[in-house]
Amino acid sequence: MNELTINYLCKQYDVKQEVVQFVNDMEARVENRFKPLEEIREFNQYKVIGAMQDNRLGSTDFHWTTGYGYGDIGREKVESIFANIFKAESALVRPAIASGTHALNLVLSGILRPGDQLLYITGAPYDTLQKVIGKKGSAPGSLMDYGVLYDEVPLLNNSIDIEKVLSSINNSTKIVAIQRSTGYSDRRALTIDEIQTVIHRIKKEYPNIIVMVDNCYGEFLDTREPIEAGADIIAGSLIKNPGGGLALSGGYAAGREDLIDIVANRLTAPGLGKDTGLTFGTTRTTLQGLFMAPHVVSEAVKGALLVAMTYKSLGFNIVPELDDKRSDIIQGIEFLTEERVSEFCKGIQAASTVDSYVVPEAWDMPGYADRIIMAAGGFIEGSSIELSADGPMREPYYAYYQGGLTYDHCKLGVIKSLDNLYRKNLVDLVK
């Protein structure tokens, strides 16, 4: 960063010059780790372009229908392209799917029946999924409310305890679920290789078990996706990685055709499945976002590495560690106090393009057991692939950084968050 830019940053964003210099020094330490990320980005970019070409994407595919949505060629192209990219037999990609949690709920509630067991093998799932299952809270319409059985296998040394998993599967077990990402935990995301090893062990002994992978935050972090590792079905959100910051809304599921047909019936109605449902003119932005996704994800992961290097150098525990293979866009920092989490998130919000003047506060957010603070100043509300950070106000007080459409924006987020902590005497700039 040259002197002109440093001076502009200090004046425009009211940050201390020593903070900017500290982050520049951290950047110099981490830049040698960018090349492997760029190689993954390059492969995935060509994969996405190839899928669009193989499906003969045309300008007329951006037109859309009204009413029931019959004969929406663009909708069909989107779903075929997603299936191609994820190496799935079929995909369901719809703007009516409100979130990743909604997509996962559609998969689980579509496939499971009363008396079936859902077995989570990555410990307790993400907070909002616990409400879906019925494990926490009393939200009506949960899986357990409809007679679905539930059990979970804790992680062993932050890895899946495969022997315990195999001994926990019983005659009622229908779906074994894997959460790829960190979530609100102190573990790193599971790699595709780790997921493949576990799935192969399960399928060897229980070939009829359905394996579902929660793919949120993980798309395009590797050259392979969970279907290629043996998963039967995956689900995720379009306002995370695969939307590239352009998708207005939506979620997806991809996998075996018979399972996707069941999930589609759950979204619309039995017998209607994938044949109905408007796209509301979102086909162009959905596909344009998908086209941008490999590049955007790579920029976000570079930003996560800068966050990791910066706060690791200041003595904070981080997840994942700098040398860990990354499998989601999330960087966790263990701040130990509520005040540090709050000031970190306020700094990220202040670096946002949208709503930079808003001061986030922890609140009782729907679907969560603890008060949550969220910094989310994005062009798309709730878009976790844009510069954002959040965390539950509970010990040991982790903040979870994710996203950033460009690396430069990520770097500004690091500078503003660190400046906030530095001004409050919550960190010392020692290297």
# chains A, B, ... in the order shown; residues from 1 in each chain; ligands from 1
>>> residues_around(residues="region 132-142 of chain A", least_positions_apart="3", cutoff="10 Å", atoms="only C-alpha atoms", output="list in words")
Thr101, His102, Leu104, Asn105, Leu108, Ser109, Leu118, Ala124, Pro125, Asp127, Thr128, Leu129, Asp145, Tyr146, Gly147, Val148, Leu149, Tyr150, Asp151, Gly367, Tyr368 and Ala369 of chain A
>>> select_by_dssp(residues="region 64-291 of chain A", states="strand (DSSP E)", output="compact mmCIF listing (two decimals) with C-alpha atoms, in the first residue's frame")
# COMPACT_ATOMS: atom_id res chain seq x y z
CA SER A 90 -30.75 -33.10 -10.33
CA ALA A 91 -31.03 -29.75 -8.55
CA LEU A 92 -33.72 -27.49 -7.13
CA VAL A 93 -32.78 -23.79 -7.24
CA ARG A 94 -35.49 -21.29 -6.32
CA GLN A 117 -34.27 -40.97 12.68
CA LEU A 118 -32.06 -38.04 11.73
CA LEU A 119 -28.48 -38.54 12.93
CA TYR A 120 -26.17 -35.52 12.96
CA LEU A 149 -36.44 -39.09 15.90
CA TYR A 150 -33.13 -37.32 16.47
CA ASP A 151 -29.68 -38.11 17.75
CA GLU A 152 -26.22 -36.64 17.31
CA THR A 173 -31.82 -44.11 10.90
CA LYS A 174 -32.74 -42.67 7.51
CA ILE A 175 -30.53 -39.58 7.13
CA VAL A 176 -27.00 -39.07 8.36
CA ALA A 177 -26.27 -35.33 8.29
CA ILE A 178 -22.90 -33.60 8.07
CA GLN A 179 -22.40 -29.88 8.67
CA ILE A 210 -29.03 -41.19 2.92
CA VAL A 211 -26.10 -38.86 3.59
CA MET A 212 -26.93 -35.15 3.53
CA VAL A 213 -24.27 -32.44 3.66
CA ASP A 214 -25.04 -28.90 4.78
CA ILE A 233 -27.90 -34.67 -1.32
CA ILE A 234 -26.57 -31.22 -0.39
CA ALA A 235 -28.23 -27.91 0.35
CA GLY A 236 -27.21 -24.29 0.67
CA SER A 237 -28.08 -20.62 0.25
CA GLY A 251 -31.45 -21.48 -1.92
CA TYR A 252 -30.70 -24.79 -3.55
CA ALA A 253 -30.61 -28.53 -3.08
CA ALA A 254 -28.72 -30.89 -5.36
CA GLY A 255 -28.25 -34.64 -5.44
>>> residues_around(residues="Ala376 (chain A)", least_positions_apart="5", cutoff="8 Å", atoms="only C-alpha atoms", output="PyMOL selection string")
chain A and resi 349+352+381-384+386-389
>>> residues_around(residues="Met1 (chain A)", least_positions_apart="4", cutoff="8 Å", atoms="only C-alpha atoms", output="short mmCIF file (atom, residue, chain, number, x, y, z; two decimals) with N, CA and C atoms, in the first residue's frame")
data_model
loop_
_atom_site.label_atom_id
_atom_site.label_comp_id
_atom_site.auth_asym_id
_atom_site.auth_seq_id
_atom_site.Cartn_x
_atom_site.Cartn_y
_atom_site.Cartn_z
N THR A 5 -2.37 6.10 -0.55
CA THR A 5 -3.51 5.31 -0.07
C THR A 5 -3.58 5.29 1.45
N ILE A 6 -2.42 5.18 2.10
CA ILE A 6 -2.40 5.18 3.57
C ILE A 6 -2.96 6.49 4.11
N ASN A 24 -0.85 -3.77 7.07
CA ASN A 24 0.03 -3.92 5.90
C ASN A 24 1.14 -4.94 6.17
#
>>> closest_residue(among="A:Met144, A:Ala375, A:Phe335, A:Gly281", to="Gln130 (chain A)", atoms="only C-alpha atoms")
A:Met144
>>> select_by_dssp(residues="region 131-178 of chain A", states="alpha helix (DSSP H)", output="PDB file with C-alpha atoms, in the first residue's frame")
ATOM      1  CA  LYS A 131     -35.049 -25.026  16.077  1.00  0.00           C
ATOM      2  CA  VAL A 132     -35.861 -26.870  12.830  1.00  0.00           C
ATOM      3  CA  ILE A 133     -35.122 -30.186  14.491  1.00  0.00           C
ATOM      4  CA  ILE A 162     -16.603 -42.647  12.709  1.00  0.00           C
ATOM      5  CA  GLU A 163     -16.627 -45.646  15.046  1.00  0.00           C
ATOM      6  CA  LYS A 164     -19.207 -43.964  17.259  1.00  0.00           C
ATOM      7  CA  VAL A 165     -21.195 -43.002  14.160  1.00  0.00           C
ATOM      8  CA  LEU A 166     -21.314 -46.571  12.900  1.00  0.00           C
ATOM      9  CA  SER A 167     -22.421 -47.864  16.300  1.00  0.00           C
ATOM     10  CA  SER A 168     -25.117 -45.149  16.541  1.00  0.00           C
TER      11      SER A 168
END
>>> closest_residue(among="A:Ala264, A:Ile81, A:Val15, A:Met309", to="Glu27 (chain A)", atoms="only C-alpha atoms")
A:Met309
>>> residues_around(residues="Pro226 (chain A)", least_positions_apart="6", cutoff="8 Å", atoms="only C-alpha atoms", output="NGL selection string")
:A and (86 or 192 or 195-196 or 213 or 215 or 234)
>>> closest_residue(among="A:Ala51, A:Val358, A:Ala351, A:Leu287", to="Leu9 (chain A)", atoms="only C-alpha atoms")
A:Ala351
>>> closest_residue(among="A:Ser356, A:Asn317, A:Thr310, A:Ser298", to="Val430 (chain A)", atoms="only C-alpha atoms")
A:Thr310
>>> closest_atom_pairs(of="region 109-141 of chain A", to="region 153-160 of chain A", cutoff="6 Å", atoms="only C-alpha atoms", output="CSV")
residue,atom,partner,partner_atom,distance
A:Ile121,CA,A:Val153,CA,4.7
A:Thr122,CA,A:Leu155,CA,5.7
A:Gly123,CA,A:Pro154,CA,4.0
>>> residues_around(residues="region 412-419 of chain A", least_positions_apart="3", cutoff="10 Å", atoms="only C-alpha atoms", output="PyMOL selection string")
chain A and resi 9+13-24+303-304+306-308+310-311+340-352+387-389+401+404+407-409+422-429
>>> residues_around(residues="Asn32 (chain A)", least_positions_apart="3", cutoff="12 Å", atoms="only C-alpha atoms", output="number ranges by chain")
A: 26-29, 35-38, 302, 305-306, 322
>>> atom_distance(atom1="CA of Val296 (chain A)", atom2="CA of Pro242 (chain A)")
9.2 Å
>>> atom_distance(atom1="CA of Arg56 (chain A)", atom2="CA of Asn84 (chain A)")
12.4 Å
>>> decode(residues="region 254-301 of chain A", atoms="N, CA and C atoms", output="mmCIF file, in the first residue's frame")
data_model
loop_
_atom_site.group_PDB
_atom_site.id
_atom_site.type_symbol
_atom_site.label_atom_id
_atom_site.label_comp_id
_atom_site.auth_asym_id
_atom_site.auth_seq_id
_atom_site.Cartn_x
_atom_site.Cartn_y
_atom_site.Cartn_z
ATOM 1 N N ALA A 254 -29.219 -30.147 -4.215
ATOM 2 C CA ALA A 254 -28.722 -30.891 -5.361
ATOM 3 C C ALA A 254 -28.368 -32.299 -4.916
ATOM 4 N N GLY A 255 -28.583 -33.267 -5.809
ATOM 5 C CA GLY A 255 -28.248 -34.635 -5.441
ATOM 6 C C GLY A 255 -28.972 -35.642 -6.304
ATOM 7 N N ARG A 256 -29.305 -36.785 -5.690
ATOM 8 C CA ARG A 256 -30.012 -37.840 -6.404
ATOM 9 C C ARG A 256 -31.352 -37.337 -6.913
ATOM 10 N N GLU A 257 -31.717 -37.751 -8.113
ATOM 11 C CA GLU A 257 -32.947 -37.248 -8.724
ATOM 12 C C GLU A 257 -34.179 -37.607 -7.909
ATOM 13 N N ASP A 258 -34.228 -38.842 -7.373
ATOM 14 C CA ASP A 258 -35.412 -39.241 -6.610
ATOM 15 C C ASP A 258 -35.570 -38.398 -5.358
ATOM 16 N N LEU A 259 -34.447 -38.031 -4.735
ATOM 17 C CA LEU A 259 -34.526 -37.209 -3.530
ATOM 18 C C LEU A 259 -34.910 -35.771 -3.865
ATOM 19 N N ILE A 260 -34.372 -35.240 -4.927
ATOM 20 C CA ILE A 260 -34.717 -33.870 -5.323
ATOM 21 C C ILE A 260 -36.196 -33.783 -5.699
ATOM 22 N N ASP A 261 -36.737 -34.806 -6.316
ATOM 23 C CA ASP A 261 -38.173 -34.805 -6.638
ATOM 24 C C ASP A 261 -39.018 -34.733 -5.373
ATOM 25 N N ILE A 262 -38.607 -35.459 -4.332
ATOM 26 C CA ILE A 262 -39.332 -35.414 -3.056
ATOM 27 C C ILE A 262 -39.254 -34.018 -2.446
ATOM 28 N N VAL A 263 -38.057 -33.429 -2.473
ATOM 29 C CA VAL A 263 -37.871 -32.096 -1.896
ATOM 30 C C VAL A 263 -38.666 -31.056 -2.684
ATOM 31 N N ALA A 264 -38.715 -31.195 -4.002
ATOM 32 C CA ALA A 264 -39.501 -30.276 -4.833
ATOM 33 C C ALA A 264 -40.978 -30.369 -4.502
ATOM 34 N N ASN A 265 -41.459 -31.566 -4.251
ATOM 35 C CA ASN A 265 -42.854 -31.726 -3.844
ATOM 36 C C ASN A 265 -43.126 -31.057 -2.509
ATOM 37 N N ARG A 266 -42.140 -31.042 -1.648
ATOM 38 C CA ARG A 266 -42.287 -30.373 -0.360
ATOM 39 C C ARG A 266 -42.342 -28.854 -0.535
ATOM 40 N N LEU A 267 -41.556 -28.335 -1.493
ATOM 41 C CA LEU A 267 -41.544 -26.895 -1.746
ATOM 42 C C LEU A 267 -42.846 -26.425 -2.370
ATOM 43 N N THR A 268 -43.342 -27.164 -3.359
ATOM 44 C CA THR A 268 -44.571 -26.757 -4.049
ATOM 45 C C THR A 268 -45.738 -27.598 -3.530
ATOM 46 N N ALA A 269 -45.992 -28.728 -4.186
ATOM 47 C CA ALA A 269 -47.046 -29.640 -3.738
ATOM 48 C C ALA A 269 -46.820 -30.981 -4.412
ATOM 49 N N PRO A 270 -47.237 -32.073 -3.771
ATOM 50 C CA PRO A 270 -47.097 -33.383 -4.400
ATOM 51 C C PRO A 270 -47.756 -33.398 -5.779
ATOM 52 N N GLY A 271 -47.015 -33.847 -6.763
ATOM 53 C CA GLY A 271 -47.519 -33.880 -8.130
ATOM 54 C C GLY A 271 -47.135 -32.665 -8.949
ATOM 55 N N LEU A 272 -46.779 -31.565 -8.263
ATOM 56 C CA LEU A 272 -46.354 -30.359 -8.986
ATOM 57 C C LEU A 272 -44.834 -30.278 -9.078
ATOM 58 N N GLY A 273 -44.170 -30.559 -7.958
ATOM 59 C CA GLY A 273 -42.726 -30.647 -7.948
ATOM 60 C C GLY A 273 -42.023 -29.466 -8.582
ATOM 61 N N LYS A 274 -41.090 -29.755 -9.497
ATOM 62 C CA LYS A 274 -40.254 -28.732 -10.113
ATOM 63 C C LYS A 274 -40.937 -28.005 -11.272
ATOM 64 N N ASP A 275 -42.147 -28.443 -11.625
ATOM 65 C CA ASP A 275 -42.793 -27.898 -12.821
ATOM 66 C C ASP A 275 -43.438 -26.539 -12.600
ATOM 67 N N THR A 276 -43.587 -26.118 -11.364
ATOM 68 C CA THR A 276 -44.196 -24.822 -11.080
ATOM 69 C C THR A 276 -43.279 -23.987 -10.196
ATOM 70 N N GLY A 277 -43.627 -22.711 -10.083
ATOM 71 C CA GLY A 277 -42.865 -21.811 -9.229
ATOM 72 C C GLY A 277 -42.173 -20.738 -10.036
ATOM 73 N N LEU A 278 -42.585 -19.495 -9.821
ATOM 74 C CA LEU A 278 -42.004 -18.384 -10.568
ATOM 75 C C LEU A 278 -40.576 -18.084 -10.127
ATOM 76 N N THR A 279 -39.801 -17.568 -11.076
ATOM 77 C CA THR A 279 -38.456 -17.079 -10.768
ATOM 78 C C THR A 279 -38.461 -15.565 -10.576
ATOM 79 N N PHE A 280 -39.563 -14.909 -10.918
ATOM 80 C CA PHE A 280 -39.727 -13.464 -10.707
ATOM 81 C C PHE A 280 -38.604 -12.653 -11.347
ATOM 82 N N GLY A 281 -38.122 -13.125 -12.482
ATOM 83 C CA GLY A 281 -37.093 -12.381 -13.211
ATOM 84 C C GLY A 281 -35.706 -12.456 -12.609
ATOM 85 N N THR A 282 -35.466 -13.405 -11.717
ATOM 86 C CA THR A 282 -34.173 -13.478 -11.035
ATOM 87 C C THR A 282 -33.146 -14.352 -11.756
ATOM 88 N N THR A 283 -33.536 -14.961 -12.866
ATOM 89 C CA THR A 283 -32.638 -15.903 -13.541
ATOM 90 C C THR A 283 -31.309 -15.259 -13.923
ATOM 91 N N ARG A 284 -31.357 -14.054 -14.458
ATOM 92 C CA ARG A 284 -30.130 -13.402 -14.902
ATOM 93 C C ARG A 284 -29.172 -13.149 -13.723
ATOM 94 N N THR A 285 -29.694 -12.570 -12.627
ATOM 95 C CA THR A 285 -28.812 -12.255 -11.495
ATOM 96 C C THR A 285 -28.329 -13.527 -10.796
ATOM 97 N N THR A 286 -29.173 -14.557 -10.771
ATOM 98 C CA THR A 286 -28.754 -15.823 -10.168
ATOM 99 C C THR A 286 -27.574 -16.408 -10.925
ATOM 100 N N LEU A 287 -27.664 -16.410 -12.250
ATOM 101 C CA LEU A 287 -26.590 -16.987 -13.060
ATOM 102 C C LEU A 287 -25.372 -16.078 -13.129
ATOM 103 N N GLN A 288 -25.592 -14.783 -13.159
ATOM 104 C CA GLN A 288 -24.453 -13.866 -13.160
ATOM 105 C C GLN A 288 -23.689 -13.962 -11.836
ATOM 106 N N GLY A 289 -24.432 -14.101 -10.745
ATOM 107 C CA GLY A 289 -23.796 -14.308 -9.448
ATOM 108 C C GLY A 289 -23.027 -15.614 -9.400
ATOM 109 N N LEU A 290 -23.613 -16.663 -9.980
ATOM 110 C CA LEU A 290 -22.934 -17.952 -10.036
ATOM 111 C C LEU A 290 -21.647 -17.849 -10.846
ATOM 112 N N PHE A 291 -21.703 -17.106 -11.940
ATOM 113 C CA PHE A 291 -20.508 -16.877 -12.759
ATOM 114 C C PHE A 291 -19.408 -16.187 -11.953
ATOM 115 N N MET A 292 -19.779 -15.223 -11.123
ATOM 116 C CA MET A 292 -18.806 -14.472 -10.322
ATOM 117 C C MET A 292 -18.342 -15.227 -9.084
ATOM 118 N N ALA A 293 -19.084 -16.251 -8.681
ATOM 119 C CA ALA A 293 -18.866 -16.895 -7.385
ATOM 120 C C ALA A 293 -17.452 -17.411 -7.156
ATOM 121 N N PRO A 294 -16.822 -18.123 -8.087
ATOM 122 C CA PRO A 294 -15.458 -18.605 -7.795
ATOM 123 C C PRO A 294 -14.489 -17.474 -7.473
ATOM 124 N N HIS A 295 -14.585 -16.358 -8.190
ATOM 125 C CA HIS A 295 -13.706 -15.219 -7.928
ATOM 126 C C HIS A 295 -14.036 -14.571 -6.584
ATOM 127 N N VAL A 296 -15.306 -14.362 -6.321
ATOM 128 C CA VAL A 296 -15.723 -13.716 -5.076
ATOM 129 C C VAL A 296 -15.334 -14.566 -3.867
ATOM 130 N N VAL A 297 -15.557 -15.867 -3.956
ATOM 131 C CA VAL A 297 -15.194 -16.760 -2.850
ATOM 132 C C VAL A 297 -13.690 -16.698 -2.592
ATOM 133 N N SER A 298 -12.904 -16.681 -3.656
ATOM 134 C CA SER A 298 -11.452 -16.586 -3.501
ATOM 135 C C SER A 298 -11.045 -15.293 -2.812
ATOM 136 N N GLU A 299 -11.663 -14.178 -3.179
ATOM 137 C CA GLU A 299 -11.385 -12.902 -2.534
ATOM 138 C C GLU A 299 -11.747 -12.954 -1.052
ATOM 139 N N ALA A 300 -12.884 -13.576 -0.744
ATOM 140 C CA ALA A 300 -13.332 -13.674 0.647
ATOM 141 C C ALA A 300 -12.366 -14.510 1.482
ATOM 142 N N VAL A 301 -11.860 -15.597 0.910
ATOM 143 C CA VAL A 301 -10.942 -16.456 1.659
ATOM 144 C C VAL A 301 -9.602 -15.761 1.866
#
